[in-house]
Every structure is written in C-alpha cells, then in structure tokens.
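Reading through the structure tokens given below for one structure.
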Amino acid sequence: MNTNTKRFAESRLDPEVAVVDEICAAGEPWTKLVTEGQVFRIVDLEGNQAVDTLFFNASHAFERYSATDTIRRQKRLYLTTGSKLYSNFGNVMLTIIADTCGRHDTLGGACAAESNTVRYALEKFPMHSCRDNFLHALTHEPVCEHLGINKRDLPSNINFFMNVPVSEEGGLEFVDGVSAPGKYVEMKAEMDVVVLISNCPQLNNPCNAYNPTPIRLLIWDDPDDMTFD
C-alpha cells in the first residue's frame, strides 16, 4: 500500500471572492453546508494544528465519509491532491484539488475522554476532546439537528494536517506535524455535504505542537471558472 505519496498543488482561488470566510477558534467545533460544485478550503493558520473532520450527505445522513472505502478504493493511507473522499455507499463525496501540506491522516481518529485516559493518565478524563466537540455540534448546530444525527452516527474521521506514521509493526505513532503556518487543503464537493469539524483541543501529544490554534475556513462558488495545476 502506498503511504508516502505527496502531491503539492496550489489553488488559484481568490479569498476575496469566497462566499464563506470564517475563523474557527482553537479547540472549537464548526459546521457548514457545502453544496455540490462548491470548493471548500481549510487553512492551518499557525501550523501543526490537527483538524478532525467528518462529512455527511446533506440529504440523508446514513451516507457519510468512510475511511475504509477511501483507503481501499485508492490503496493509500494518506490524503493529498487528487485523493477522493468516498462514502460508505461507495460514492465520491469530495475530491482534493489543491494541497500545500501534502499529507493528511485517515487512521488516527478523534481524541475522546476515554482515549485520553487510556493513552495518557486517569486525570486526563475531564479534558476537552474532539468527540466532545462533535457531540456538542450534534446537539446545538441547526444543520446537524436537521439531519437528525446523534453520537451513533459518528464514523472515523479525517485528521487534516495531522502526522500519524504507521510503524513497521503496524502500530500508529502520533508525532510532530508536517504542516506550517498558512498551509491549506482544498476540496471540491461532488454532492451536497454537511461538514463537521473539531479544531482539535488535544494537549497531550504533539499533533498540535501542544498548542491548539485557530483555523480559517473558506467556501467558493463557481469553481469551474478556475484552472488548477
């Protein structure tokens, strides 16, 4: 399985004409509807910030991003330019069309109170986590409430900008990121999707350089008018 491919590609889209341009604070959740044909960008503003991300079909949430299908169909563990994000129904939800980081994790999952306790220490249980963010969004964000999804609907997520190498023994290692300030990943929606993000609050491993920071989220209309490298 190819785990090391990197394909750097810059976007020609102008942030000045984005229809959405928002900041998600460090450690907070963020949700938005991205319609078919729109382009969605995540910007790592200060570097080494892990961005835990889920995608759901905006019409019926039984269809959602599938790490298993995405890895199996492309025979790659890591995502970059040209990667397609598949659903559990085998449909392409989004395609990565630009990426200045070059590598994004599909295996590390989301931190939770339970995993913090197992990996680090019992006293870490009350610490804020990505699963807490996801659950908060499911309860309080109208776009999630409209879909009628709950904690049973949370699949394995993508960790944009996060570096999780696989050891020769098959284990996962949480190490320093490969991103830097201003790096971004950009996706074209192949169907209407609801984006659910946890801007990871993790303080126990180097995925955020032990310092969670804000991210920038942008959405553009009419991407067909643009040319990509």
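Simple scheme: letters A, B, ... for chains in structure tokens order, numbers from 1 for residues in each chain, numbers from 1 for ligands in the order shown.
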
Considering only C-alpha atoms, return as a PyMOL selection string whatever protein or nucleic-acid residues lie within 8 Å of segment 54-69 of chain A, sequence-local ones (same chain, fewer than 5 positions apart) excluded.
chain A and resi 33+85-90+93+106-107+147-149+153+155-158+191-197

Tell me which protein, DNA and RNA residues are within 8 Å of segment 94-103 of chain A, counting only C-alpha atoms, leaving out same-chain ones fewer than 2 positions away, and put them as an mmCIF file with N, CA, C and O atoms, in the first residue's frame.
```
data_model
loop_
_atom_site.group_PDB
_atom_site.id
_atom_site.type_symbol
_atom_site.label_atom_id
_atom_site.label_comp_id
_atom_site.auth_asym_id
_atom_site.auth_seq_id
_atom_site.Cartn_x
_atom_site.Cartn_y
_atom_site.Cartn_z
ATOM 1 N N THR A 5 3.074 8.976 -0.817
ATOM 2 C CA THR A 5 2.901 9.878 -1.943
ATOM 3 C C THR A 5 2.543 11.287 -1.471
ATOM 4 O O THR A 5 1.657 11.472 -0.647
ATOM 5 N N LYS A 6 3.234 12.279 -2.024
ATOM 6 C CA LYS A 6 2.911 13.675 -1.749
ATOM 7 C C LYS A 6 2.682 14.387 -3.076
ATOM 8 O O LYS A 6 3.469 14.239 -4.007
ATOM 9 N N ARG A 7 1.621 15.160 -3.158
ATOM 10 C CA ARG A 7 1.327 15.897 -4.367
ATOM 11 C C ARG A 7 0.936 17.313 -3.971
ATOM 12 O O ARG A 7 -0.202 17.585 -3.625
ATOM 13 N N PHE A 8 1.916 18.203 -4.005
ATOM 14 C CA PHE A 8 1.666 19.588 -3.646
ATOM 15 C C PHE A 8 1.067 20.312 -4.840
ATOM 16 O O PHE A 8 1.559 20.198 -5.965
ATOM 17 N N ALA A 9 0.003 21.073 -4.594
ATOM 18 C CA ALA A 9 -0.621 21.858 -5.653
ATOM 19 C C ALA A 9 -1.282 23.074 -5.027
ATOM 20 O O ALA A 9 -2.030 22.949 -4.053
ATOM 21 N N GLU A 10 -0.992 24.248 -5.571
ATOM 22 C CA GLU A 10 -1.576 25.477 -5.065
ATOM 23 C C GLU A 10 -2.879 25.794 -5.799
ATOM 24 O O GLU A 10 -3.079 25.398 -6.947
ATOM 25 N N SER A 11 -3.745 26.513 -5.119
ATOM 26 C CA SER A 11 -5.027 26.932 -5.683
ATOM 27 C C SER A 11 -4.905 28.317 -6.312
ATOM 28 O O SER A 11 -4.065 29.123 -5.907
ATOM 29 N N TYR A 78 -2.775 7.905 3.207
ATOM 30 C CA TYR A 78 -2.763 9.351 3.422
ATOM 31 C C TYR A 78 -3.416 10.070 2.246
ATOM 32 O O TYR A 78 -3.393 9.593 1.103
ATOM 33 N N LEU A 79 -3.980 11.238 2.548
ATOM 34 C CA LEU A 79 -4.712 12.016 1.554
ATOM 35 C C LEU A 79 -3.875 13.195 1.083
ATOM 36 O O LEU A 79 -3.140 13.804 1.856
ATOM 37 N N THR A 80 -4.027 13.541 -0.201
ATOM 38 C CA THR A 80 -3.366 14.707 -0.771
ATOM 39 C C THR A 80 -4.064 15.056 -2.082
ATOM 40 O O THR A 80 -5.149 14.528 -2.370
ATOM 41 N N THR A 81 -3.468 15.933 -2.873
ATOM 42 C CA THR A 81 -4.077 16.352 -4.125
ATOM 43 C C THR A 81 -4.444 15.148 -4.991
ATOM 44 O O THR A 81 -3.637 14.249 -5.201
ATOM 45 N N GLY A 82 -5.680 15.144 -5.483
ATOM 46 C CA GLY A 82 -6.176 14.046 -6.297
ATOM 47 C C GLY A 82 -6.917 12.987 -5.522
ATOM 48 O O GLY A 82 -7.641 12.167 -6.111
ATOM 49 N N SER A 83 -6.787 12.967 -4.200
ATOM 50 C CA SER A 83 -7.494 11.978 -3.388
ATOM 51 C C SER A 83 -8.997 12.235 -3.440
ATOM 52 O O SER A 83 -9.450 13.378 -3.399
ATOM 53 N N LYS A 84 -9.746 11.151 -3.507
ATOM 54 C CA LYS A 84 -11.195 11.228 -3.457
ATOM 55 C C LYS A 84 -11.671 10.715 -2.104
ATOM 56 O O LYS A 84 -11.161 9.709 -1.607
ATOM 57 N N LEU A 85 -12.624 11.408 -1.530
ATOM 58 C CA LEU A 85 -13.178 11.021 -0.236
ATOM 59 C C LEU A 85 -14.480 10.275 -0.487
ATOM 60 O O LEU A 85 -15.467 10.865 -0.947
ATOM 61 N N TYR A 86 -14.469 8.976 -0.219
ATOM 62 C CA TYR A 86 -15.606 8.113 -0.518
ATOM 63 C C TYR A 86 -16.541 7.986 0.687
ATOM 64 O O TYR A 86 -16.124 8.073 1.845
ATOM 65 N N VAL A 92 -18.282 9.135 -4.373
ATOM 66 C CA VAL A 92 -17.308 10.181 -4.092
ATOM 67 C C VAL A 92 -18.038 11.392 -3.502
ATOM 68 O O VAL A 92 -18.949 11.936 -4.118
ATOM 69 N N ASP A 105 -3.970 12.548 7.591
ATOM 70 C CA ASP A 105 -4.169 11.251 8.231
ATOM 71 C C ASP A 105 -5.593 10.731 8.072
ATOM 72 O O ASP A 105 -6.559 11.483 8.182
ATOM 73 N N PHE A 160 -7.022 16.296 9.084
ATOM 74 C CA PHE A 160 -6.261 17.136 8.177
ATOM 75 C C PHE A 160 -5.076 17.754 8.919
ATOM 76 O O PHE A 160 -5.192 18.183 10.069
ATOM 77 N N PHE A 161 -3.924 17.764 8.253
ATOM 78 C CA PHE A 161 -2.656 18.324 8.738
ATOM 79 C C PHE A 161 -1.980 17.475 9.821
ATOM 80 O O PHE A 161 -0.891 17.808 10.270
ATOM 81 N N MET A 162 -2.597 16.381 10.226
ATOM 82 C CA MET A 162 -2.032 15.585 11.310
ATOM 83 C C MET A 162 -1.108 14.513 10.746
ATOM 84 O O MET A 162 -1.379 13.911 9.705
ATOM 85 N N ASN A 163 -0.011 14.238 11.458
ATOM 86 C CA ASN A 163 1.001 13.280 11.026
ATOM 87 C C ASN A 163 0.938 12.048 11.921
ATOM 88 O O ASN A 163 1.313 12.113 13.092
ATOM 89 N N VAL A 178 3.531 17.850 9.903
ATOM 90 C CA VAL A 178 4.323 18.205 8.724
ATOM 91 C C VAL A 178 3.794 19.488 8.084
ATOM 92 O O VAL A 178 4.227 19.885 7.016
ATOM 93 N N SER A 179 2.852 20.132 8.769
ATOM 94 C CA SER A 179 2.276 21.366 8.257
ATOM 95 C C SER A 179 3.088 22.567 8.739
ATOM 96 O O SER A 179 4.089 22.422 9.445
ATOM 97 N N ALA A 180 2.640 23.760 8.335
ATOM 98 C CA ALA A 180 3.313 25.001 8.712
ATOM 99 C C ALA A 180 2.309 26.134 8.574
ATOM 100 O O ALA A 180 1.248 25.959 7.957
ATOM 101 N N LYS A 183 -0.429 26.766 5.503
ATOM 102 C CA LYS A 183 -0.686 25.604 4.659
ATOM 103 C C LYS A 183 -2.197 25.351 4.591
ATOM 104 O O LYS A 183 -2.935 25.614 5.541
ATOM 105 N N TYR A 184 -2.644 24.806 3.444
ATOM 106 C CA TYR A 184 -4.078 24.574 3.291
ATOM 107 C C TYR A 184 -4.349 23.338 2.454
ATOM 108 O O TYR A 184 -3.482 22.828 1.733
ATOM 109 N N VAL A 185 -5.584 22.862 2.587
ATOM 110 C CA VAL A 185 -6.093 21.784 1.748
ATOM 111 C C VAL A 185 -7.446 22.241 1.216
ATOM 112 O O VAL A 185 -8.223 22.883 1.932
ATOM 113 N N GLU A 186 -7.712 21.916 -0.043
ATOM 114 C CA GLU A 186 -8.895 22.441 -0.724
ATOM 115 C C GLU A 186 -9.619 21.300 -1.429
ATOM 116 O O GLU A 186 -8.988 20.478 -2.098
ATOM 117 N N MET A 187 -10.936 21.252 -1.276
ATOM 118 C CA MET A 187 -11.742 20.154 -1.816
ATOM 119 C C MET A 187 -12.914 20.676 -2.620
ATOM 120 O O MET A 187 -13.532 21.680 -2.262
ATOM 121 N N LYS A 188 -13.244 19.958 -3.695
ATOM 122 C CA LYS A 188 -14.448 20.243 -4.461
ATOM 123 C C LYS A 188 -15.528 19.251 -4.054
ATOM 124 O O LYS A 188 -15.296 18.036 -4.035
ATOM 125 N N ALA A 189 -16.711 19.757 -3.711
ATOM 126 C CA ALA A 189 -17.811 18.890 -3.296
ATOM 127 C C ALA A 189 -18.440 18.227 -4.519
ATOM 128 O O ALA A 189 -18.824 18.898 -5.477
ATOM 129 N N GLU A 190 -18.552 16.900 -4.480
ATOM 130 C CA GLU A 190 -19.169 16.145 -5.564
ATOM 131 C C GLU A 190 -20.636 15.851 -5.275
ATOM 132 O O GLU A 190 -21.339 15.273 -6.099
ATOM 133 N N MET A 191 -21.102 16.236 -4.102
ATOM 134 C CA MET A 191 -22.510 16.168 -3.705
ATOM 135 C C MET A 191 -22.711 17.201 -2.615
ATOM 136 O O MET A 191 -21.739 17.778 -2.110
ATOM 137 N N PHE A 228 -6.862 24.665 -12.319
ATOM 138 C CA PHE A 228 -5.979 24.194 -11.253
ATOM 139 C C PHE A 228 -4.788 23.465 -11.862
ATOM 140 O O PHE A 228 -4.895 22.817 -12.898
#
```

Residue list (strand (DSSP E or B), DSSP) for segment 48-158 of chain A, as a list in words:
Val51, Asp52, Thr53, Leu54, Phe55, Phe56, Asn57, Arg64, Tyr65, Arg76, Leu79, Lys84, Leu85, Tyr86, Ser87, Val92, Met93, Leu94, Thr95, Ile96, Ile97, Ala98, Asp99, His104, Asp105 and Ile158 of chain A

List the spatial neighbours of Asp221 of chain A as a VMD selection string - criterion: any atom at most 10 Å away, only C-alpha atoms, same-chain residues fewer than 2 positions off excluded. chain A and resid 17 to 20 34 to 40 219 223 to 225

Store the residues picked out above, limited to N, CA and C atoms, as an mmCIF file, in the first residue's frame.
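Everything below was put into selection.cif:
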```cif
data_model
loop_
_atom_site.group_PDB
_atom_site.id
_atom_site.type_symbol
_atom_site.label_atom_id
_atom_site.label_comp_id
_atom_site.auth_asym_id
_atom_site.auth_seq_id
_atom_site.Cartn_x
_atom_site.Cartn_y
_atom_site.Cartn_z
ATOM 1 N N VAL A 17 -13.113 36.635 -3.009
ATOM 2 C CA VAL A 17 -14.406 36.342 -3.625
ATOM 3 C C VAL A 17 -15.062 35.104 -3.015
ATOM 4 N N ALA A 18 -14.533 34.610 -1.907
ATOM 5 C CA ALA A 18 -15.151 33.472 -1.219
ATOM 6 C C ALA A 18 -16.516 33.881 -0.665
ATOM 7 N N VAL A 19 -17.480 32.965 -0.720
ATOM 8 C CA VAL A 19 -18.817 33.248 -0.189
ATOM 9 C C VAL A 19 -18.886 32.977 1.310
ATOM 10 N N VAL A 20 -17.937 32.210 1.815
ATOM 11 C CA VAL A 20 -17.782 31.994 3.258
ATOM 12 C C VAL A 20 -16.314 32.179 3.592
ATOM 13 N N VAL A 34 -21.927 22.540 2.438
ATOM 14 C CA VAL A 34 -21.185 22.813 1.212
ATOM 15 C C VAL A 34 -21.932 22.109 0.085
ATOM 16 N N THR A 35 -22.401 22.864 -0.895
ATOM 17 C CA THR A 35 -23.227 22.285 -1.948
ATOM 18 C C THR A 35 -22.376 21.759 -3.094
ATOM 19 N N GLU A 36 -22.956 20.849 -3.865
ATOM 20 C CA GLU A 36 -22.257 20.224 -4.988
ATOM 21 C C GLU A 36 -21.654 21.280 -5.910
ATOM 22 N N GLY A 37 -20.389 21.127 -6.230
ATOM 23 C CA GLY A 37 -19.689 22.053 -7.107
ATOM 24 C C GLY A 37 -18.941 23.150 -6.384
ATOM 25 N N GLN A 38 -19.271 23.397 -5.122
ATOM 26 C CA GLN A 38 -18.534 24.410 -4.370
ATOM 27 C C GLN A 38 -17.160 23.869 -3.971
ATOM 28 N N VAL A 39 -16.255 24.791 -3.671
ATOM 29 C CA VAL A 39 -14.907 24.438 -3.220
ATOM 30 C C VAL A 39 -14.737 24.890 -1.776
ATOM 31 N N PHE A 40 -14.185 24.016 -0.973
ATOM 32 C CA PHE A 40 -14.038 24.223 0.468
ATOM 33 C C PHE A 40 -12.564 24.133 0.839
ATOM 34 N N ILE A 219 -15.239 29.003 1.523
ATOM 35 C CA ILE A 219 -16.039 28.305 0.524
ATOM 36 C C ILE A 219 -16.223 29.234 -0.668
ATOM 37 N N PRO A 223 -16.466 27.111 -9.099
ATOM 38 C CA PRO A 223 -15.066 26.713 -9.275
ATOM 39 C C PRO A 223 -14.735 26.305 -10.699
ATOM 40 N N ASP A 224 -15.732 25.974 -11.529
ATOM 41 C CA ASP A 224 -15.455 25.556 -12.896
ATOM 42 C C ASP A 224 -14.843 26.657 -13.737
ATOM 43 N N ASP A 225 -14.942 27.904 -13.240
ATOM 44 C CA ASP A 225 -14.351 29.021 -13.963
ATOM 45 C C ASP A 225 -12.849 29.140 -13.707
#
```

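Of the listed residues (A:Glu46, A:His136, A:Glu145, A:Gly108), A:Glu46 comes nearest to Ala26 of chain A; the distances count only C-alpha atoms.
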
**Request:** May I have all residues of segment 49-81 of chain A that DSSP, computed from the backbone, assigns to alpha helix (DSSP H), given as an NGL selection string?
**Result:** :A and (67-74)

Grab the residues selected above and save them as a tab-separated table (two decimals), in the first residue's frame with N, CA and C atoms.
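Output file again03.tsv is given in full below:
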```tsv
chain	number	residue	atom	x	y	z
A	67	ALA	N	-13.69	6.05	6.03
A	67	ALA	CA	-12.24	5.85	5.96
A	67	ALA	C	-11.91	4.54	5.26
A	68	THR	N	-12.70	3.50	5.53
A	68	THR	CA	-12.45	2.19	4.94
A	68	THR	C	-12.54	2.24	3.42
A	69	ASP	N	-13.63	2.81	2.90
A	69	ASP	CA	-13.81	2.88	1.45
A	69	ASP	C	-12.76	3.78	0.81
A	70	THR	N	-12.44	4.89	1.48
A	70	THR	CA	-11.47	5.84	0.93
A	70	THR	C	-10.09	5.20	0.80
A	71	ILE	N	-9.67	4.46	1.81
A	71	ILE	CA	-8.36	3.79	1.77
A	71	ILE	C	-8.37	2.63	0.77
A	72	ARG	N	-9.41	1.82	0.84
A	72	ARG	CA	-9.45	0.62	-0.01
A	72	ARG	C	-9.52	0.96	-1.49
A	73	ARG	N	-10.34	1.95	-1.85
A	73	ARG	CA	-10.52	2.26	-3.26
A	73	ARG	C	-9.26	2.86	-3.90
A	74	GLN	N	-8.44	3.55	-3.08
A	74	GLN	CA	-7.27	4.24	-3.63
A	74	GLN	C	-5.94	3.61	-3.23
```

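Using only C-alpha atoms, the residues found no farther than 7 Å from Ala50 of chain A, other than those of its own chain fewer than 2 positions away, are A:Asn48, A:Asp52, A:Asn159, A:Phe160, A:Phe161, A:Met162, A:Asn199, A:Cys200, A:Cys207, A:Asn208.
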
In Å and to one decimal, atom CA of Pro212 of chain A is distant from atom CA of Gly27 of chain A by 6.3 Å

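For Glu22 of chain A, the non-local neighbours within 12 Å, defined as residues at least 2 positions apart in the same chain or in other chains and counting only C-alpha atoms, are Pro15, Ala18, Val19, Val20, Cys24, Ala25, Trp30, Thr31, Lys32, Phe40, Arg41, Ile42, Val43, Leu45, Pro214, Ile215, Arg216, Leu217, Leu218 and Ile219 of chain A.
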